[in-house]
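The structure under discussion appears below in the form of structure tokens.
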Amino acid sequence: MKARAFSYVRPATVAEALLAFAEAGEGASYIAGGQSLVPALALRLQAPERLIDIAHVAELRGVSCDGEWLRIGALTRHADAHDDPLIARYAPLLALAAPHVAHPAIRNRGTLGGSVALADPASEFPAMMLALDAEMEIAGSAGTRRVPATAFFQDLYQTAIEPGELLVALHVPVARAEHRCAFDEFARRRGDYALVGCGVMLAMPGDVVAEARIAFLSVGSTPMRARAAEAALAGQALDAEAIRRAQAALADDLDPPDDEQVPAAMRLHLARVLLGRLLGRMEMAS
Amino acid sequence: MTAPVAITLSVNGETLTRAAEPRETLADFLRRDLGLTGTHTGCEMGVCGACLVMLDGAPVHGCLIFAVQAAGASVQTVEGLSESAMIADLQRAFHERNALQCGFCTPGVLVTAQWLLARKAAPSREEIRDALSGNYCRCTGYEAIVDAIETVARRRSAGEAASRFLEEPA
Ligand SMILES: Cc1cc2nc3c(=O)[nH]c(=O)nc-3n(C[C@H](O)[C@H](O)[C@H](O)COP(=O)(O)OP(=O)(O)OC[C@H]3O[C@@H](n4cnc5c(N)ncnc54)[C@H](O)[C@@H]3O)c2cc1C
Ligand code: FES
Ligand code: FES
């Protein structure tokens, strides 16, 4: 099908973009890479009267690092997540997740900001924001603010971004020598949305796990941290026993819904298998 | 406001200005306004890959970008790729290996193949399949497509220029 008619504007700055939205009110929609929005328009699931193309707003571009935080502009493309040298060095978890996001041509256009703003619970990057303890920089009429990932993802497709606000950048605390990370997912075919996916960040200054952050995708209405599994690892050596206890703890963390594709019990089982594999790989590598 | 707007972009090396309705996709713009029907439209929702074109040098779905978004950009379609002889070896190998039957998927597959080989001179079969994950082919079963791309990778690595495989004019 074809999209309904709309008007099109191309602001050059964040201020212009916010103004263009304020003028049009609820009838407006921002478009970044369009890789989720354009199919929704073609299927007429959405029919905005005005598209505000933010792809040429310079403030939303670029990746930079100040030593503590990596700033990833909202317009950074999925393909950059696996090619950008700063991301590879300071947020390697994103580089590990990127090849699992859709297909190459979609990765050439889709943006990290678009993926995180949309907050599809089956998407890789939103869940990785949780695993990385990232902060989202949001611009609105009252200025900009930073919202931690744990407060950002609120419900199905619901985030801390208010209508008309712009996601400007993702801020990720830089990975240090003591950090280990891993990502994997189960999907029926390469490029399909995952049945279950998981990203793990461990701080291991020595043989013991000082801090664990584990985030799952496709297990509920938002991406989710697995706090009980994290607690089962904290202060422990990463060995078979600790891994087994973390896997068992997932029953307290996850309560996946039943759907026609995957029953809840199977999803929980897949989550356990996945976490066991990832931690097992990290144990071998440490 | 939803009326056609003038856009200027480069298509297959030629800079042109045309009026486009904001809701017209780049794929429809190429096919209907420019008569470049080599770019196919199948699902029109990013799933089948028949509509792939090069945008500023990288494959994107023509059905997932509006023509107005491409204003100022440089687009290469399968027509541009084949007329420049850049993919003559791919075309020959697809012919030799029967890597197309109905041919509906072929333009998109060629765009993917050209991009893959530009980035990686000797991809494994696994990497070729991975690159093709967004290209649906309902006819061939993919084996012949992977064979043909592998053959071209070998020929190019051996220094054979794509243009050597241009068909003689009939
Ligand atoms: C066939 C197919 C398969 C896919 N498979 C996967 C997959 O396996 N995993 C996955 O994660 N994704 C997948 N995707 C989705 C893809 O990753 C999208 O690119 C991404 O979700 C959205 O990014 P975008 O830049 O294209 O956003 P757009 O489509 O432009 O926008 C999406 C939404 O976010 C809003 N938005 C965008 N940027 C901003 C911003 N900076 N501030 C505020 N709001 C903003 C828009 O208004 C819109 O509502 C798939 C898509 C397709 C078509
Ligand atoms: S027509 Fe664009 S992907 Fe199918
Ligand atoms: S040759 Fe018919 S779809 Fe590929």
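Following the order of the structure tokens, chains are lettered A, B, ..., residues in each are numbered from 1, and ligands are numbered from 1.
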>> With only C-alpha atoms considered, list every residue of chain B at most 6 Å from chain A, as JSON, numbers by chain.
In response: {"B": [1, 2, 23, 45, 59, 60, 64, 134]}
Residues of the last selection are to be written out with C-alpha atoms, as a PDB file, in the first residue's frame.
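Now in again.pdb:
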ATOM      1  CA  MET B   1       1.411  21.558   1.503  1.00  0.00           C
ATOM      2  CA  THR B   2       1.063  17.947   0.417  1.00  0.00           C
ATOM      3  CA  ARG B  23       4.449  10.588  -0.073  1.00  0.00           C
ATOM      4  CA  MET B  45       7.545  -2.678   3.453  1.00  0.00           C
ATOM      5  CA  PRO B  59      22.269  -0.283  -0.618  1.00  0.00           C
ATOM      6  CA  VAL B  60      18.965   0.946   0.807  1.00  0.00           C
ATOM      7  CA  LEU B  64      11.538   2.686   2.648  1.00  0.00           C
ATOM      8  CA  GLY B 134      17.202  -9.278   3.101  1.00  0.00           C
TER       9      GLY B 134
END
> Residues at most 7 Å from A:Ala234, counting only C-alpha atoms, excluding those fewer than 2 positions away in the same chain, as an MDAnalysis selection string?
Replying inline: chainID A and resid 209:212 230:232 236
Output N, CA and C atoms for every residue in the selection just made, as a PDB file, in the first residue's frame.
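And here's part.pdb as it stands now:
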ATOM      1  N   VAL A 209      33.436 -11.329  39.895  1.00  0.00           N
ATOM      2  CA  VAL A 209      32.536 -10.383  39.220  1.00  0.00           C
ATOM      3  C   VAL A 209      32.188  -9.266  40.205  1.00  0.00           C
ATOM      4  N   ALA A 210      32.642  -8.042  39.916  1.00  0.00           N
ATOM      5  CA  ALA A 210      32.324  -6.925  40.804  1.00  0.00           C
ATOM      6  C   ALA A 210      30.901  -6.441  40.544  1.00  0.00           C
ATOM      7  N   GLU A 211      30.539  -6.388  39.263  1.00  0.00           N
ATOM      8  CA  GLU A 211      29.193  -5.927  38.909  1.00  0.00           C
ATOM      9  C   GLU A 211      28.763  -6.645  37.648  1.00  0.00           C
ATOM     10  N   ALA A 212      27.500  -7.043  37.608  1.00  0.00           N
ATOM     11  CA  ALA A 212      26.956  -7.665  36.395  1.00  0.00           C
ATOM     12  C   ALA A 212      25.733  -6.880  35.962  1.00  0.00           C
ATOM     13  N   GLU A 230      21.697 -10.962  38.000  1.00  0.00           N
ATOM     14  CA  GLU A 230      22.863 -10.101  38.250  1.00  0.00           C
ATOM     15  C   GLU A 230      23.355 -10.298  39.683  1.00  0.00           C
ATOM     16  N   ALA A 231      22.396 -10.316  40.639  1.00  0.00           N
ATOM     17  CA  ALA A 231      22.760 -10.460  42.053  1.00  0.00           C
ATOM     18  C   ALA A 231      23.416 -11.814  42.303  1.00  0.00           C
ATOM     19  N   ALA A 232      22.974 -12.831  41.565  1.00  0.00           N
ATOM     20  CA  ALA A 232      23.550 -14.168  41.748  1.00  0.00           C
ATOM     21  C   ALA A 232      25.009 -14.219  41.314  1.00  0.00           C
ATOM     22  N   GLN A 236      30.932 -13.115  43.003  1.00  0.00           N
ATOM     23  CA  GLN A 236      31.283 -14.532  42.784  1.00  0.00           C
ATOM     24  C   GLN A 236      32.361 -14.667  41.707  1.00  0.00           C
TER      25      GLN A 236
END
What does the list of residues within 9 Å of ligand 2 look like if you count only C-alpha atoms and all ligand atoms, written as a short mmCIF file (atom, residue, chain, number, x, y, z; two decimals) with all heavy atoms, in the first residue's frame?
data_model
loop_
_atom_site.label_atom_id
_atom_site.label_comp_id
_atom_site.auth_asym_id
_atom_site.auth_seq_id
_atom_site.Cartn_x
_atom_site.Cartn_y
_atom_site.Cartn_z
N ALA B 27 11.40 4.41 -4.80
CA ALA B 27 11.19 3.33 -5.78
C ALA B 27 10.14 3.75 -6.81
O ALA B 27 10.34 3.58 -8.02
CB ALA B 27 10.78 2.04 -5.07
N THR B 39 14.33 -1.15 -10.91
CA THR B 39 14.07 -1.20 -9.48
C THR B 39 12.66 -1.74 -9.30
O THR B 39 11.70 -1.12 -9.76
CB THR B 39 14.18 0.21 -8.86
OG1 THR B 39 15.50 0.70 -9.09
CG2 THR B 39 13.91 0.18 -7.37
N HIS B 40 12.54 -2.91 -8.69
CA HIS B 40 11.23 -3.55 -8.58
C HIS B 40 10.57 -3.22 -7.25
O HIS B 40 11.26 -2.91 -6.28
CB HIS B 40 11.37 -5.06 -8.73
CG HIS B 40 11.74 -5.47 -10.12
ND1 HIS B 40 12.14 -6.74 -10.44
CD2 HIS B 40 11.79 -4.76 -11.27
CE1 HIS B 40 12.42 -6.80 -11.74
NE2 HIS B 40 12.22 -5.61 -12.26
N THR B 41 9.24 -3.31 -7.21
CA THR B 41 8.56 -3.18 -5.93
C THR B 41 7.73 -4.45 -5.70
O THR B 41 6.94 -4.84 -6.55
CB THR B 41 7.63 -1.95 -5.86
OG1 THR B 41 6.74 -1.98 -6.97
CG2 THR B 41 8.43 -0.66 -5.91
N GLY B 42 7.99 -5.08 -4.56
CA GLY B 42 7.27 -6.30 -4.20
C GLY B 42 6.40 -6.03 -3.00
O GLY B 42 5.23 -5.71 -3.11
N CYS B 43 7.01 -6.10 -1.82
CA CYS B 43 6.24 -5.99 -0.57
C CYS B 43 5.95 -4.55 -0.18
O CYS B 43 4.99 -4.30 0.54
CB CYS B 43 7.02 -6.67 0.55
SG CYS B 43 8.58 -5.84 0.92
N GLU B 44 6.79 -3.63 -0.61
CA GLU B 44 6.70 -2.21 -0.22
C GLU B 44 6.69 -2.02 1.29
O GLU B 44 6.07 -1.09 1.80
CB GLU B 44 5.47 -1.56 -0.86
CG GLU B 44 5.50 -1.67 -2.37
CD GLU B 44 4.44 -0.83 -3.04
OE1 GLU B 44 3.27 -1.24 -3.01
OE2 GLU B 44 4.78 0.24 -3.57
N MET B 45 7.39 -2.88 2.01
CA MET B 45 7.54 -2.68 3.45
C MET B 45 8.90 -3.18 3.97
O MET B 45 9.03 -3.51 5.14
CB MET B 45 6.38 -3.30 4.22
CG MET B 45 6.07 -4.72 3.83
SD MET B 45 4.56 -5.33 4.59
CE MET B 45 5.24 -5.98 6.09
N GLY B 46 9.88 -3.21 3.10
CA GLY B 46 11.23 -3.48 3.58
C GLY B 46 11.60 -4.93 3.76
O GLY B 46 12.66 -5.23 4.31
N VAL B 47 10.77 -5.84 3.28
CA VAL B 47 11.01 -7.25 3.58
C VAL B 47 11.67 -8.02 2.42
O VAL B 47 12.51 -8.87 2.65
CB VAL B 47 9.68 -7.94 3.99
CG1 VAL B 47 9.87 -9.43 4.15
CG2 VAL B 47 9.17 -7.34 5.30
N CYS B 48 11.32 -7.70 1.17
CA CYS B 48 11.71 -8.60 0.08
C CYS B 48 13.02 -8.22 -0.61
O CYS B 48 13.67 -9.06 -1.21
CB CYS B 48 10.59 -8.70 -0.95
SG CYS B 48 10.40 -7.23 -1.98
N GLY B 49 13.41 -6.95 -0.57
CA GLY B 49 14.68 -6.55 -1.16
C GLY B 49 14.68 -6.35 -2.66
O GLY B 49 15.73 -6.09 -3.25
N ALA B 50 13.50 -6.41 -3.31
CA ALA B 50 13.46 -6.24 -4.78
C ALA B 50 13.76 -4.79 -5.18
O ALA B 50 14.11 -4.52 -6.33
CB ALA B 50 12.08 -6.64 -5.31
N CYS B 51 13.62 -3.87 -4.22
CA CYS B 51 13.67 -2.43 -4.52
C CYS B 51 15.02 -1.81 -4.17
O CYS B 51 15.13 -0.59 -4.13
CB CYS B 51 12.59 -1.74 -3.71
SG CYS B 51 12.89 -1.90 -1.93
N LEU B 52 16.04 -2.61 -3.90
CA LEU B 52 17.31 -2.04 -3.44
C LEU B 52 17.96 -1.16 -4.50
O LEU B 52 18.02 -1.53 -5.67
CB LEU B 52 18.30 -3.14 -3.04
CG LEU B 52 17.97 -3.95 -1.79
CD1 LEU B 52 19.06 -4.99 -1.55
CD2 LEU B 52 17.83 -3.06 -0.59
N VAL B 60 20.12 0.65 -0.05
CA VAL B 60 18.96 0.95 0.81
C VAL B 60 17.71 0.50 0.06
O VAL B 60 17.73 0.33 -1.16
CB VAL B 60 18.86 2.45 1.16
CG1 VAL B 60 20.13 2.95 1.83
CG2 VAL B 60 18.55 3.29 -0.07
N HIS B 61 16.61 0.35 0.80
CA HIS B 61 15.36 -0.02 0.17
C HIS B 61 14.68 1.20 -0.44
O HIS B 61 14.37 2.15 0.29
CB HIS B 61 14.40 -0.64 1.19
CG HIS B 61 14.87 -1.95 1.72
ND1 HIS B 61 15.65 -2.09 2.84
CD2 HIS B 61 14.67 -3.21 1.25
CE1 HIS B 61 15.90 -3.36 3.05
NE2 HIS B 61 15.33 -4.07 2.10
N GLY B 62 14.43 1.15 -1.75
CA GLY B 62 13.73 2.26 -2.40
C GLY B 62 12.31 2.43 -1.90
O GLY B 62 11.73 3.51 -2.03
N CYS B 63 11.75 1.37 -1.31
CA CYS B 63 10.38 1.47 -0.79
C CYS B 63 10.34 2.05 0.61
O CYS B 63 9.28 2.35 1.12
CB CYS B 63 9.69 0.09 -0.78
SG CYS B 63 10.29 -1.02 0.50
N LEU B 64 11.51 2.19 1.26
CA LEU B 64 11.54 2.69 2.65
C LEU B 64 12.16 4.07 2.74
O LEU B 64 12.68 4.46 3.79
CB LEU B 64 12.30 1.71 3.56
CG LEU B 64 11.66 0.36 3.82
CD1 LEU B 64 12.41 -0.39 4.92
CD2 LEU B 64 10.20 0.50 4.22
N GLY B 108 17.73 -6.39 -7.10
CA GLY B 108 18.09 -6.20 -5.69
C GLY B 108 19.27 -7.08 -5.31
O GLY B 108 20.17 -6.66 -4.58
N GLY B 134 18.37 -10.11 3.40
CA GLY B 134 17.20 -9.28 3.10
C GLY B 134 16.74 -9.34 1.66
O GLY B 134 15.98 -8.50 1.21
N ASN B 135 17.24 -10.30 0.90
CA ASN B 135 16.82 -10.48 -0.50
C ASN B 135 16.04 -11.78 -0.63
O ASN B 135 16.62 -12.86 -0.52
CB ASN B 135 18.05 -10.55 -1.43
CG ASN B 135 18.77 -9.22 -1.55
OD1 ASN B 135 19.72 -8.96 -0.81
ND2 ASN B 135 18.33 -8.39 -2.46
N TYR B 136 14.74 -11.66 -0.89
CA TYR B 136 13.95 -12.86 -1.07
C TYR B 136 14.01 -13.30 -2.53
O TYR B 136 13.84 -12.50 -3.44
CB TYR B 136 12.48 -12.60 -0.73
CG TYR B 136 12.16 -12.64 0.74
CD1 TYR B 136 13.17 -12.55 1.70
CD2 TYR B 136 10.85 -12.77 1.18
CE1 TYR B 136 12.87 -12.59 3.05
CE2 TYR B 136 10.55 -12.79 2.54
CZ TYR B 136 11.56 -12.70 3.46
OH TYR B 136 11.26 -12.72 4.79
#
> Taking the backbone alone, and naming residues the way the document does, which bits of stretch 24-154 of chain B are strand (DSSP E) by DSSP, as a PyMOL selection string?
Replying inline: chain B and resi 52-55+58-61+74-76
> So which residues are near ligand 3, meaning at most 7 Å away with only C-alpha atoms and all ligand atoms counted, given back as a ChimeraX atom specification?
Replying inline: /B:100-106,136-140
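Using only C-alpha atoms, the contacts of stretch 247-260 of chain A at a cut-off of 8 Å, with sequence neighbours closer than 4 positions omitted, comprise Val219, Gly220, Arg225, Ala226, Arg227, Ala228, Ala229, Ala232, Ile243, Ala264, Ala265, Arg267, Leu268, Ala271, Arg272, Val273, Leu275 and Gly276 of chain A.
One distance worth recording is that between atom CA of A:Val116 and atom CA of A:Gly140, which is 16.9 Å.
Rounded to one decimal, atom CA of A:Tyr193 and atom CA of A:Gln261 lie 12.3 Å from each other.
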>> Would you pick out the contacts of stretch 159-175 of chain A at 7 Å or less, using only C-alpha atoms, so that residues sharing its chain but fewer than 6 positions from it are not included, and give the list as a PyMOL selection string?
In response: chain A and resi 18+21-22+60+68-74+90-91+113+117+132-140+152-153
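For A:Leu195, the list of residues within 8 Å, based on only C-alpha atoms and with local chain neighbours fewer than 5 positions off taken out, reads A:Ala122, A:Glu185, A:Phe186, A:Ala187, A:Arg188, A:Ser218, A:Val262, A:Arg267.
Near B:Ser10, within a cut-off of 9 Å and counting only C-alpha atoms, sit the residues Thr15, Leu16, Thr17, Ala71, Gly72, Ala73, Ser74, Val75 and Gln76 of chain B, with same-chain residues fewer than 5 positions away left out.
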